[in-house]
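In what follows, a structure is listed as structure tokens, so that the remarks can point back to it.
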Amino acid sequence: MKRFIGFIKKEFYHIFRDKRSLFILFGMPIAQILLFGFAITNEINNVQITILDHSKDATTEEIINKISASKYFTTNQMIAREADIETAFKKGKIKAALNFEKDFSRNLIREQKATIQIITDATDPNTANSITNYINAILQNYLQDKNKGIQIDYQIVPQTRMVYNPELKSVFMFVPGVMTIILMLVSAMMTSISITREKELGTMEILLVSPLKPFQVIIGKVVPYIFLSVINAAVIVLLSIFIFKMPVQGSLFLLGAESVLFIITSLALGILISTIAETQQAAMMISLMGLMLPVILLSGFIFPISSMPAPLQIISSIIPAKWFIIIIKGIMLKGVGMAFIWKETLILIGMTVLFIGLSVKKYKIRLE
Amino acid sequence: MGIRLSNISKSYKKVKAVQNISFNVQPGELFGLIGPDGAGKTTIFRILTTLLFPDEGSASVAGFDVVRDYKAIRKSVGYMPGRFSLYQDLTVEENLTFFATIFGTTIEENYDLIEDIYVQIEPFKDRRAGKLSGGMKQKLALSCALIHKPKVLFLDEPTTGVDPVSRKEFWEMLKRLQKKEITILVSTPYMDEAALCDRIALIQDGEILEIDAPEAIVKKFPKTIYNVGANNMYKLIQTLQNYEHLYSVFPFGEFVHYTDKRDSIETADLKLYLENEGLTDISIGVTQPNIEDVFMELAK
Amino acid sequence: MKKENVIVAEALTKAFGDFKAVNAISFEVKKGEIFGFLGANGAGKTTAMKMLIGISKPSSGNAKVAGFDVYNQTESIKKNIGYMSQKFTLYDDLTVKENITFFGGIYGLSRAKIREKRAQLVSELGLEGISNKLVGSLPLGWKQKLSFSVSLLHEPKIVFLDEPTGGVDPITRRQFWEMIYKAADQGTTIFVTTHYMDEAEYCERVSIVVEGRIEALDTPKKLKEQFKVDSMNDVFLKLARNIE
């Protein structure tokens, strides 16, 4: 036991003396969560639109005011000719333009039908789509207000309600993903690098020619990173709660326990990588290409798994991150308990056992 | 209880690293493996320290078989690999403490064994190992290899890349360790270090050329060696290579070592030949063979 | 016959902050000379050599290499020197021929010249059978001989050799020195930096660098006489002891 503690002590020396890695270790989670939270977002906010109003009557003014009043749009430009719309788009000043037809009010009252053209800049299709939806919503809203008291038979008014993330805040979607990536990266990449570093420096030779048992070396490498990863997970959750006001609906204890489980899965994966890779560089490449990319692309973090082609859906199932994202989304956003995520938990446990088994089998007690 | 190798062979893929190597090291002996890079020295060390399986043959260290009893060997040997293999980001003292701990001992327990080595680096005990000079690194590595009081010490090229002063001190330390009944197997590419060992094995391309005490090996050299000097080294070598009685000519520093096919020669004849070929400042004298001469003769 | 100086250094100094890695060294090297630059690791050899080959600017002092100034004519210096180190020179994953072609190319040799040199080199080194083999598969000794030849491809005035024969077997090492003698005989200046004292025995003149200063500079023979010892190793030991 004394040997083991001596070994762990040495690992902590390595970690705390490598200031650069330490900075990345703790700086990266904060940077990533802030980046995803603030910069990368699907939300519509203060989008510049321009308006071409051929009627200039009471109704159009009312609608324009309603649009301007919403926090989603700013209407700072009024133009007179159709040709100016294109110019404004080309200058990149606006994302959308509204074109009211002539005699808008009169048409609406006389023929119960008036036309408004919504032109959006579809170079960014997601935003264009959102803009159209938002403007439509405002128009619908306006019409409902107007028609109050007027009886129209058999009218279906669809009412959508977004549950679990009612404000459609994208940061809520990103937090579980970012947390998964960071835990995976810190755990798998850092352990695999730290084991291969011993191989590269030649110190592994001395460790092998010593009474230390292989599992002592491995566990000794892993323990410090469990500790660091737990701190990281806590930092991410705290940041999301306090900066992004993200509610954690479920049990914090369950969230912690599941995170530790995922950390151990990732560490086991890291050890497995280190049994294959001979150099730190190789370990890093395998971790980045083999873990990061699949986690980002296939875990459902960014692209929904249900819309992937079948083969990719199957591949995504062997990625531990997918299951962890389901688990933490469940706990954080839906507030579910063990009853709903036991299956995913079991899958993660199974993967961990498999990785550890493979690593122990592949771990070399000699140099060949 | 020393080291015993019999008919050890080992290949990596198709390359034969060592072939049919056999030798014994007596308990308490300082035994040197002398040979250039790629001769197979490190492979022998790795087989003896249980890091590699031999393809053929058997070997034992301190009475334990290198394959079967690898755990026992790992407890009772000290090993200093060819590269500096300590933690550069740990201080001198932390390195030593770490190696003491993993061998289940403490610095205090075996301090007497490392004392005269460690006192030289103790003033720098709070310095990171990566910031030490070559000679100090080597002393620290030796201290770490000795801290658990091993019965057998394996030192793979400990003096490579180390300055002459540190090299000299290092060999003096080995001599003192030997008196403490530690068996030492050391390898080196420096032929001049051979003379400092009790016995040596000359090794090249995975095969042993000769095993004996250094003085005995030198005595076996069959020829008389002439130290020849002249004004132009390149011309001197060219000219001697065209000499009809030439057996061998090798540059040795400012002179060349020349041996003749004939058993005895008149140096005056040789001098005349060289003069006729246009060389000046000619000096010819008999010199004693050294390990390098023997090595080249055997490797030919 | 008085030969011209191809390297002249006057009080050449390189300081990193307060620490003088190279401290006012002065020396001259003549055309066709084999000049040894000796010292322990960290004595300042590499720093000095980097200034001479034009990849590091001196803090003070002057030096001319092949007639060019180390401050502002570094490009001309690079065209006139060759460089070979024990650690790296050739690409292991290219064949012998490809390496020669590549290095000929970067030194601006014409295609015809490369072809001619390549044929000459392959036959001189006896590499006919293996010129299409990967350099990585050759024994260490061959690699070193080949990389020395490659460093001579563009017929430089000076070749800088960094610990050229460390760890090589004794016979190959002597073949290597015969190649050096030959190049020197043809007028190429050889500048050898090494910490192997026995490598120094082969140089015509050696300078011994201790802590950034040249502490001794003479022929090996005279140095040995001066210190009353019979090897350069002992010269170094005595010198180090005197300095302490």
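Residue names in the structure tokens use chain letters A, B, ... in the order shown, residue numbers from 1 in each chain, and ligand numbers from 1 in the order shown.
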task: Extract, using only C-alpha atoms, all DNA, RNA and protein residues at most 8 Å from range 182-197 of chain C, discarding same-chain residues fewer than 4 positions from it, and format them as an MDAnalysis selection string.
output: (chainID B and resid 161 163:164 234) or (chainID C and resid 6 29:41 45:46 156:164 166 178 201 232:233 236)
How would the residues just picked look written out with C-alpha atoms as a tab-separated table (two decimals), in the first residue's frame?
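File written: out-v4.tsv
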chain	number	residue	atom	x	y	z
B	161	GLY	CA	27.53	11.14	-23.44
B	163	ASP	CA	32.24	14.11	-19.79
B	164	PRO	CA	35.63	12.47	-19.05
B	234	TYR	CA	45.82	10.70	-45.98
C	6	VAL	CA	38.53	29.98	-43.80
C	29	VAL	CA	40.95	27.55	-38.99
C	30	LYS	CA	42.98	27.12	-42.15
C	31	LYS	CA	41.87	25.74	-45.49
C	32	GLY	CA	42.03	21.96	-45.52
C	33	GLU	CA	42.54	21.73	-41.79
C	34	ILE	CA	40.81	19.23	-39.51
C	35	PHE	CA	39.88	21.32	-36.53
C	36	GLY	CA	38.46	19.76	-33.37
C	37	PHE	CA	36.10	21.64	-31.09
C	38	LEU	CA	35.99	19.68	-27.84
C	39	GLY	CA	34.07	19.98	-24.66
C	40	ALA	CA	31.64	18.30	-22.30
C	41	ASN	CA	27.92	18.47	-23.02
C	45	LYS	CA	30.01	23.84	-28.36
C	46	THR	CA	26.64	23.69	-30.02
C	156	PRO	CA	31.30	23.07	-49.65
C	157	LYS	CA	34.40	24.87	-48.42
C	158	ILE	CA	33.80	23.78	-44.86
C	159	VAL	CA	32.03	20.78	-43.36
C	160	PHE	CA	30.76	20.90	-39.80
C	161	LEU	CA	30.60	17.50	-38.15
C	162	ASP	CA	28.76	17.08	-34.88
C	163	GLU	CA	29.99	14.02	-32.97
C	164	PRO	CA	30.32	12.08	-36.20
C	166	GLY	CA	30.08	8.24	-31.49
C	178	GLU	CA	39.94	7.99	-43.87
C	201	GLU	CA	43.08	12.48	-31.31
C	232	MET	CA	43.50	13.55	-24.98
C	233	ASN	CA	41.25	12.08	-22.34
C	236	PHE	CA	40.92	16.97	-20.53
Pick out the residues sitting within 9 Å of Arg366 in chain A, and hand them over as a tab-separated table (two decimals) with N, CA and C atoms, in the first residue's frame; count only C-alpha atoms, and ignore anything fewer than 6 positions along from it in its own chain.
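The resulting file, result_11.tsv, is shown below:
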chain	number	residue	atom	x	y	z
A	205	GLU	N	10.56	1.00	-18.30
A	205	GLU	CA	11.50	-0.11	-18.15
A	205	GLU	C	11.86	-0.33	-16.69
A	208	LEU	N	8.92	-1.63	-14.72
A	208	LEU	CA	8.70	-3.05	-14.96
A	208	LEU	C	9.68	-3.89	-14.16
A	209	VAL	N	10.96	-3.45	-14.15
A	209	VAL	CA	11.97	-4.17	-13.40
A	209	VAL	C	11.92	-3.70	-11.95
B	50	THR	N	14.60	-9.44	-17.42
B	50	THR	CA	13.28	-10.05	-17.64
B	50	THR	C	12.34	-9.18	-18.48
B	51	LEU	N	12.89	-8.24	-19.21
B	51	LEU	CA	12.03	-7.40	-20.03
B	51	LEU	C	11.75	-8.04	-21.40
B	52	LEU	N	12.60	-8.96	-21.80
B	52	LEU	CA	12.39	-9.66	-23.07
B	52	LEU	C	12.54	-11.16	-22.84
B	53	PHE	N	11.79	-11.94	-23.60
B	53	PHE	CA	12.00	-13.38	-23.60
B	53	PHE	C	13.11	-13.72	-24.59
message: At a cut-off of 6 Å, which residues of chain B touch chain A? Count only C-alpha atoms and give the answer as a list in words.
response: Leu51, Leu52, Arg74, Lys75, Ser85, Thr101 and Ile102 of chain B
Identify, on the basis of only C-alpha atoms, every residue whose closest approach to Phe262 in chain A does not exceed 10 Å; exclude the query and any residue fewer than 4 positions from it along the same chain; express the result as an mmCIF file with N, CA and C atoms, in the first residue's frame.
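The resulting file, out_16.cif, is shown below:
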data_model
loop_
_atom_site.group_PDB
_atom_site.id
_atom_site.type_symbol
_atom_site.label_atom_id
_atom_site.label_comp_id
_atom_site.auth_asym_id
_atom_site.auth_seq_id
_atom_site.Cartn_x
_atom_site.Cartn_y
_atom_site.Cartn_z
ATOM 1 N N THR A 180 -19.631 15.981 -21.542
ATOM 2 C CA THR A 180 -19.221 14.658 -22.001
ATOM 3 C C THR A 180 -17.860 14.727 -22.683
ATOM 4 N N LEU A 183 -15.004 15.443 -20.083
ATOM 5 C CA LEU A 183 -14.687 14.301 -19.220
ATOM 6 C C LEU A 183 -13.961 13.227 -20.013
ATOM 7 N N MET A 184 -14.437 13.008 -21.223
ATOM 8 C CA MET A 184 -13.831 11.991 -22.073
ATOM 9 C C MET A 184 -12.376 12.349 -22.361
ATOM 10 N N SER A 187 -10.070 12.472 -19.199
ATOM 11 C CA SER A 187 -9.824 11.143 -18.655
ATOM 12 C C SER A 187 -9.034 10.280 -19.625
ATOM 13 N N GLY A 256 -23.851 13.156 -10.055
ATOM 14 C CA GLY A 256 -22.460 12.931 -9.651
ATOM 15 C C GLY A 256 -22.059 11.483 -9.845
ATOM 16 N N ALA A 257 -22.906 10.588 -9.405
ATOM 17 C CA ALA A 257 -22.573 9.167 -9.481
ATOM 18 C C ALA A 257 -22.430 8.721 -10.936
ATOM 19 N N GLU A 258 -23.354 9.181 -11.788
ATOM 20 C CA GLU A 258 -23.277 8.806 -13.200
ATOM 21 C C GLU A 258 -22.020 9.398 -13.842
ATOM 22 N N SER A 266 -14.174 6.309 -19.344
ATOM 23 C CA SER A 266 -13.202 7.010 -20.184
ATOM 24 C C SER A 266 -11.771 6.671 -19.788
ATOM 25 N N LEU A 267 -11.530 6.563 -18.482
ATOM 26 C CA LEU A 267 -10.183 6.208 -18.031
ATOM 27 C C LEU A 267 -9.801 4.829 -18.547
ATOM 28 N N ALA A 268 -10.756 3.916 -18.484
ATOM 29 C CA ALA A 268 -10.481 2.563 -18.969
ATOM 30 C C ALA A 268 -10.129 2.609 -20.441
ATOM 31 N N PRO A 320 -19.594 5.303 -25.997
ATOM 32 C CA PRO A 320 -20.072 5.473 -24.622
ATOM 33 C C PRO A 320 -20.726 6.835 -24.407
ATOM 34 N N ALA A 321 -20.180 7.854 -25.104
ATOM 35 C CA ALA A 321 -20.680 9.205 -24.891
ATOM 36 C C ALA A 321 -22.175 9.315 -25.176
ATOM 37 N N TRP A 323 -24.551 7.249 -24.614
ATOM 38 C CA TRP A 323 -25.347 6.811 -23.465
ATOM 39 C C TRP A 323 -25.244 7.801 -22.325
ATOM 40 N N PHE A 324 -24.045 8.365 -22.171
ATOM 41 C CA PHE A 324 -23.892 9.318 -21.073
ATOM 42 C C PHE A 324 -24.704 10.588 -21.340
ATOM 43 N N THR A 345 -27.242 3.149 -17.952
ATOM 44 C CA THR A 345 -26.224 2.962 -16.922
ATOM 45 C C THR A 345 -25.584 1.580 -17.041
ATOM 46 N N LEU A 348 -23.165 1.418 -19.901
ATOM 47 C CA LEU A 348 -21.879 2.043 -19.572
ATOM 48 C C LEU A 348 -21.043 1.129 -18.679
ATOM 49 N N ILE A 349 -21.684 0.524 -17.686
ATOM 50 C CA ILE A 349 -20.938 -0.382 -16.798
ATOM 51 C C ILE A 349 -20.354 -1.531 -17.613
ATOM 52 N N MET A 351 -19.554 -1.581 -20.778
ATOM 53 C CA MET A 351 -18.435 -1.108 -21.601
ATOM 54 C C MET A 351 -17.180 -0.959 -20.745
ATOM 55 N N THR A 352 -17.343 -0.409 -19.552
ATOM 56 C CA THR A 352 -16.198 -0.207 -18.674
ATOM 57 C C THR A 352 -15.511 -1.534 -18.353
#
field: All helix (DSSP H, G or I) residues (DSSP, backbone) inside range 106-182 of chain B, as a VMD selection string
entry: chain B and resid 111 to 124 129 to 131 134 to 146 164 to 179
query: Which residue gives the smallest distance to Pro289 in chain B among B:Leu272, B:Ile44, B:Ala216, B:Ala145, with only C-alpha atoms counted?
result: B:Ala216
